[in-house]
Amino acid sequence: MSSGQKSINVRGRNRDYIIRVPNNYNSNNAYKLIFAFHWVGGTMNDVSGGGTDGELWSYYGMQRVADESAILVAPQGLNNRWSNSGDEDIPFDDAMVDKIKNSLCVDEKQLYAIGFSFGAAMSYSIACSRANDFRGVAVISGGVLSGCDGGNDPIAYMGIHGVSDGTLPIGGGRDMRDRFVRNNGCSSANPPEPSPGSGVHTKFEYSGCRSGYPVTWIAFDGGHYPGAVDHEPESGARSYVPGEIYSFFSKLT
């Protein structure tokens, strides 16, 4: 399988995605597989192309920070969203996983999902229903919009949310996080969060979690956007978010 746009039939409907295979791909090496889900109204091209920041923000910055060490996938949601109506999007994800694993050398213990807004909701849905297949997720400014079938198994979980998010308020993000605080056996806590106007972010790593199932919470002074930067306007190219996510994933085995 080469890089580019692909199509796969799922339940009689053709579904599209863009895949990026590392430039130095070696079929003898097993690679991380990272899915990056777009926001409502966004597209797989927006995610893979990185918007105005280009390659610096492609796949939410994973192309830059992974440095050719991961296979990256940007799926396309129906009507540019991830409603998962009738459980239509989780089977799409399953089909992509199977196709890619059969075509490329994938480390089957290193599957990850990232998303912002509606894409975060899809990543959360994967955490709920596919925790036995995916190693970890990063949920950026999400809500429970794509369902949560199951939701009782542990998975490595990173939540990122703006304290002044007026679209999907941070309280919902805390509730989503707390499901996996419980599932992962972490000690209950009330993580510190920055005050509005402070221009900074806080990072809290839960203690007491089951080995291999960490939970990390990043709250930032800002609204509903994915590329937070301390003391500056949002910028995917300059954001600390990609580095934090990839560092979190890279500590998992």
# chains A, B, ... in the order shown; residues from 1 in each chain; ligands from 1

call {"tool": "residues_around", "arguments": {"residues": "A:Asn29", "least_positions_apart": "2", "cutoff": "9 Å", "atoms": "only C-alpha atoms", "output": "PyMOL selection string"}}
result
chain A and resi 25-27+31+105-107

call {"tool": "residues_around", "arguments": {"residues": "A:Ser207", "least_positions_apart": "5", "cutoff": "10 Å", "atoms": "only C-alpha atoms", "output": "short mmCIF file (atom, residue, chain, number, x, y, z; two decimals) with N, CA, C and O atoms, in the first residue's frame"}}
result
data_model
loop_
_atom_site.label_atom_id
_atom_site.label_comp_id
_atom_site.auth_asym_id
_atom_site.auth_seq_id
_atom_site.Cartn_x
_atom_site.Cartn_y
_atom_site.Cartn_z
N VAL A 181 -10.24 7.62 34.04
CA VAL A 181 -9.59 7.64 35.34
C VAL A 181 -10.08 6.43 36.15
O VAL A 181 -9.28 5.71 36.77
N GLY A 185 -8.08 2.64 36.82
CA GLY A 185 -7.72 2.43 38.22
C GLY A 185 -6.89 3.54 38.82
O GLY A 185 -6.18 3.31 39.82
N CYS A 186 -6.95 4.73 38.24
CA CYS A 186 -6.14 5.85 38.75
C CYS A 186 -6.76 6.40 40.04
O CYS A 186 -7.96 6.26 40.30
N SER A 187 -5.94 7.06 40.81
CA SER A 187 -6.42 7.73 42.02
C SER A 187 -7.22 8.96 41.64
O SER A 187 -6.83 9.74 40.76
N SER A 188 -8.35 9.14 42.28
CA SER A 188 -9.19 10.30 42.02
C SER A 188 -8.44 11.59 42.36
O SER A 188 -7.68 11.63 43.33
N ALA A 189 -8.65 12.61 41.54
CA ALA A 189 -7.95 13.88 41.77
C ALA A 189 -8.74 15.02 41.15
O ALA A 189 -9.64 14.80 40.33
N PRO A 214 -1.91 5.00 31.57
CA PRO A 214 -1.88 6.34 32.16
C PRO A 214 -3.04 7.21 31.69
O PRO A 214 -3.66 6.96 30.66
N VAL A 215 -3.32 8.23 32.48
CA VAL A 215 -4.26 9.28 32.10
C VAL A 215 -3.56 10.61 32.33
O VAL A 215 -3.03 10.87 33.41
N THR A 216 -3.55 11.44 31.29
CA THR A 216 -2.95 12.78 31.37
C THR A 216 -3.99 13.81 30.95
O THR A 216 -4.72 13.61 29.97
#

call {"tool": "residues_around", "arguments": {"residues": "A:Asn132", "least_positions_apart": "2", "cutoff": "8 Å", "atoms": "only C-alpha atoms", "output": "VMD selection string"}}
result
chain A and resid 130 134 to 135 153 155

call {"tool": "closest_residue", "arguments": {"among": "A:Arg81, A:Arg20, A:Arg13, A:Arg179", "to": "A:Val40", "atoms": "only C-alpha atoms"}}
result
A:Arg81

call {"tool": "select_by_dssp", "arguments": {"residues": "stretch 8-247 of chain A", "states": "strand (DSSP E)", "output": "number ranges by chain"}}
result
A: 8-10, 13-20, 31-37, 70-75, 106-116, 136-140, 156-162, 201-205, 215-220

call {"tool": "write_last_selection", "arguments": {"atoms": "C-alpha atoms", "output": "mmCIF file, in the first residue's frame"}}
result
data_model
loop_
_atom_site.group_PDB
_atom_site.id
_atom_site.type_symbol
_atom_site.label_atom_id
_atom_site.label_comp_id
_atom_site.auth_asym_id
_atom_site.auth_seq_id
_atom_site.Cartn_x
_atom_site.Cartn_y
_atom_site.Cartn_z
ATOM 1 C CA ILE A 8 -12.949 0.859 1.074
ATOM 2 C CA ASN A 9 -16.443 -0.606 0.986
ATOM 3 C CA VAL A 10 -18.110 -0.792 4.387
ATOM 4 C CA ARG A 13 -20.978 2.163 1.111
ATOM 5 C CA ASN A 14 -17.641 3.400 -0.196
ATOM 6 C CA ARG A 15 -15.669 5.203 2.484
ATOM 7 C CA ASP A 16 -12.544 7.254 1.838
ATOM 8 C CA TYR A 17 -9.346 7.948 3.722
ATOM 9 C CA ILE A 18 -5.870 9.336 3.109
ATOM 10 C CA ILE A 19 -2.865 7.382 4.294
ATOM 11 C CA ARG A 20 0.737 8.519 4.647
ATOM 12 C CA TYR A 31 5.226 0.938 12.689
ATOM 13 C CA LYS A 32 2.818 2.794 14.923
ATOM 14 C CA LEU A 33 -0.572 3.353 13.258
ATOM 15 C CA ILE A 34 -2.170 6.702 14.082
ATOM 16 C CA PHE A 35 -5.669 7.737 12.974
ATOM 17 C CA ALA A 36 -6.409 11.474 12.911
ATOM 18 C CA PHE A 37 -10.107 12.389 12.733
ATOM 19 C CA ALA A 70 4.453 6.109 12.130
ATOM 20 C CA ILE A 71 1.829 5.320 9.500
ATOM 21 C CA LEU A 72 -0.685 8.174 9.505
ATOM 22 C CA VAL A 73 -4.331 7.999 8.422
ATOM 23 C CA ALA A 74 -6.919 10.748 7.921
ATOM 24 C CA PRO A 75 -10.392 9.221 7.456
ATOM 25 C CA VAL A 106 1.986 -2.477 11.659
ATOM 26 C CA ASP A 107 2.835 -2.872 15.324
ATOM 27 C CA GLU A 108 -0.548 -4.214 16.396
ATOM 28 C CA LYS A 109 0.086 -3.075 19.965
ATOM 29 C CA GLN A 110 0.613 0.530 18.828
ATOM 30 C CA LEU A 111 -2.702 1.728 17.368
ATOM 31 C CA TYR A 112 -3.753 5.259 18.297
ATOM 32 C CA ALA A 113 -6.552 7.752 17.597
ATOM 33 C CA ILE A 114 -6.458 11.553 17.716
ATOM 34 C CA GLY A 115 -9.160 14.067 16.991
ATOM 35 C CA PHE A 116 -10.410 17.590 17.619
ATOM 36 C CA GLY A 136 -4.254 5.008 23.397
ATOM 37 C CA VAL A 137 -6.217 8.083 22.370
ATOM 38 C CA ALA A 138 -5.787 11.848 22.467
ATOM 39 C CA VAL A 139 -9.089 13.712 22.809
ATOM 40 C CA ILE A 140 -8.813 17.433 22.006
ATOM 41 C CA ALA A 156 -4.213 5.093 27.762
ATOM 42 C CA TYR A 157 -6.022 8.430 27.685
ATOM 43 C CA MET A 158 -4.907 12.014 27.100
ATOM 44 C CA GLY A 159 -7.476 14.786 27.305
ATOM 45 C CA ILE A 160 -6.786 18.353 26.157
ATOM 46 C CA HIS A 161 -9.345 21.136 26.625
ATOM 47 C CA GLY A 162 -9.642 24.913 26.769
ATOM 48 C CA HIS A 201 -1.584 25.558 30.168
ATOM 49 C CA THR A 202 -1.334 22.996 32.937
ATOM 50 C CA LYS A 203 -0.509 19.309 32.614
ATOM 51 C CA PHE A 204 -1.564 16.739 35.186
ATOM 52 C CA GLU A 205 -0.528 13.085 35.171
ATOM 53 C CA VAL A 215 -4.262 9.279 32.105
ATOM 54 C CA THR A 216 -2.953 12.775 31.370
ATOM 55 C CA TRP A 217 -5.019 15.962 31.437
ATOM 56 C CA ILE A 218 -3.932 19.211 29.780
ATOM 57 C CA ALA A 219 -6.067 22.304 30.315
ATOM 58 C CA PHE A 220 -5.209 25.513 28.512
#

call {"tool": "decode", "arguments": {"residues": "stretch 60-191 of chain A", "atoms": "C-alpha atoms", "output": "short mmCIF file (atom, residue, chain, number, x, y, z; two decimals), in the first residue's frame"}}
result
data_model
loop_
_atom_site.label_atom_id
_atom_site.label_comp_id
_atom_site.auth_asym_id
_atom_site.auth_seq_id
_atom_site.Cartn_x
_atom_site.Cartn_y
_atom_site.Cartn_z
CA TYR A 60 -2.47 17.32 13.96
CA GLY A 61 1.29 17.70 13.81
CA MET A 62 2.00 13.98 13.95
CA GLN A 63 3.78 14.04 10.60
CA ARG A 64 6.30 16.50 12.03
CA VAL A 65 6.88 14.96 15.44
CA ALA A 66 6.71 11.29 14.39
CA ASP A 67 9.57 11.91 11.97
CA GLU A 68 8.77 8.99 9.63
CA SER A 69 8.22 6.54 12.52
CA ALA A 70 4.45 6.11 12.13
CA ILE A 71 1.83 5.32 9.50
CA LEU A 72 -0.68 8.17 9.50
CA VAL A 73 -4.33 8.00 8.42
CA ALA A 74 -6.92 10.75 7.92
CA PRO A 75 -10.39 9.22 7.46
CA GLN A 76 -13.35 11.06 5.89
CA GLY A 77 -16.57 11.26 7.87
CA LEU A 78 -20.00 11.08 6.27
CA ASN A 79 -21.33 14.61 5.72
CA ASN A 80 -18.05 15.84 7.22
CA ARG A 81 -18.90 14.60 10.70
CA TRP A 82 -18.63 11.51 12.91
CA SER A 83 -22.18 10.91 14.06
CA ASN A 84 -21.64 7.13 14.10
CA SER A 85 -25.37 6.80 13.42
CA GLY A 86 -26.40 3.17 13.31
CA ASP A 87 -22.86 2.28 14.33
CA GLU A 88 -21.58 3.19 10.86
CA ASP A 89 -18.24 4.79 11.71
CA ILE A 90 -16.73 2.23 14.09
CA PRO A 91 -17.00 -0.51 11.40
CA PHE A 92 -15.28 1.92 8.99
CA ASP A 93 -12.44 2.20 11.45
CA ASP A 94 -12.33 -1.58 11.85
CA ALA A 95 -12.15 -2.02 8.07
CA MET A 96 -9.30 0.49 7.72
CA VAL A 97 -7.36 -1.21 10.50
CA ASP A 98 -7.75 -4.63 8.88
CA LYS A 99 -6.85 -3.36 5.41
CA ILE A 100 -3.76 -1.50 6.59
CA LYS A 101 -2.54 -4.32 8.82
CA ASN A 102 -2.87 -6.72 5.88
CA SER A 103 -0.99 -4.36 3.55
CA LEU A 104 1.75 -2.84 5.72
CA CYS A 105 3.92 -3.84 8.67
CA VAL A 106 1.99 -2.48 11.66
CA ASP A 107 2.83 -2.87 15.32
CA GLU A 108 -0.55 -4.21 16.40
CA LYS A 109 0.09 -3.07 19.97
CA GLN A 110 0.61 0.53 18.83
CA LEU A 111 -2.70 1.73 17.37
CA TYR A 112 -3.75 5.26 18.30
CA ALA A 113 -6.55 7.75 17.60
CA ILE A 114 -6.46 11.55 17.72
CA GLY A 115 -9.16 14.07 16.99
CA PHE A 116 -10.41 17.59 17.62
CA SER A 117 -14.05 18.46 18.40
CA PHE A 118 -16.21 15.97 16.47
CA GLY A 119 -13.01 14.10 15.67
CA ALA A 120 -12.28 13.98 19.39
CA ALA A 121 -15.74 12.51 19.89
CA MET A 122 -14.86 9.77 17.40
CA SER A 123 -11.58 9.09 19.18
CA TYR A 124 -13.49 8.85 22.45
CA SER A 125 -15.95 6.42 20.87
CA ILE A 126 -12.99 4.26 19.82
CA ALA A 127 -11.67 4.42 23.39
CA CYS A 128 -15.03 3.16 24.61
CA SER A 129 -15.60 0.36 22.10
CA ARG A 130 -12.14 -0.63 20.88
CA ALA A 131 -9.94 -0.38 23.96
CA ASN A 132 -8.76 -3.94 23.33
CA ASP A 133 -7.51 -2.99 19.86
CA PHE A 134 -6.21 0.57 20.37
CA ARG A 135 -3.39 1.37 22.77
CA GLY A 136 -4.25 5.01 23.40
CA VAL A 137 -6.22 8.08 22.37
CA ALA A 138 -5.79 11.85 22.47
CA VAL A 139 -9.09 13.71 22.81
CA ILE A 140 -8.81 17.43 22.01
CA SER A 141 -11.78 19.59 23.01
CA GLY A 142 -14.26 16.77 22.64
CA GLY A 143 -17.80 15.82 23.61
CA VAL A 144 -19.80 12.61 23.61
CA LEU A 145 -21.14 13.06 20.07
CA SER A 146 -20.23 9.71 18.49
CA GLY A 147 -21.51 7.43 21.22
CA CYS A 148 -19.70 5.32 23.79
CA ASP A 149 -20.49 1.67 23.24
CA GLY A 150 -19.01 -0.28 26.13
CA GLY A 151 -16.77 2.21 27.85
CA ASN A 152 -15.69 -0.07 30.67
CA ASP A 153 -12.21 -1.16 29.58
CA PRO A 154 -8.91 0.63 30.27
CA ILE A 155 -6.99 2.50 27.58
CA ALA A 156 -4.21 5.09 27.76
CA TYR A 157 -6.02 8.43 27.68
CA MET A 158 -4.91 12.01 27.10
CA GLY A 159 -7.48 14.79 27.31
CA ILE A 160 -6.79 18.35 26.16
CA HIS A 161 -9.34 21.14 26.62
CA GLY A 162 -9.64 24.91 26.77
CA VAL A 163 -11.01 26.36 29.99
CA SER A 164 -13.09 28.89 28.04
CA ASP A 165 -14.43 26.52 25.39
CA GLY A 166 -17.91 27.80 24.51
CA THR A 167 -18.65 25.11 21.92
CA LEU A 168 -17.98 21.94 23.91
CA PRO A 169 -17.44 23.15 27.48
CA ILE A 170 -14.59 21.78 29.53
CA GLY A 171 -16.97 20.19 32.04
CA GLY A 172 -17.89 17.61 29.44
CA GLY A 173 -14.23 16.97 28.76
CA ARG A 174 -13.64 16.37 32.45
CA ASP A 175 -16.49 13.84 32.55
CA MET A 176 -15.04 12.00 29.53
CA ARG A 177 -11.62 11.95 31.18
CA ASP A 178 -13.02 10.70 34.47
CA ARG A 179 -14.52 7.62 32.84
CA PHE A 180 -10.99 6.47 32.04
CA VAL A 181 -9.59 7.64 35.34
CA ARG A 182 -11.96 5.05 36.82
CA ASN A 183 -11.42 2.40 34.11
CA ASN A 184 -7.65 2.70 34.44
CA GLY A 185 -7.72 2.43 38.22
CA CYS A 186 -6.14 5.85 38.75
CA SER A 187 -6.42 7.73 42.02
CA SER A 188 -9.19 10.30 42.02
CA ALA A 189 -7.95 13.88 41.77
CA ASN A 190 -9.00 17.41 40.95
CA PRO A 191 -6.28 18.56 38.52
#
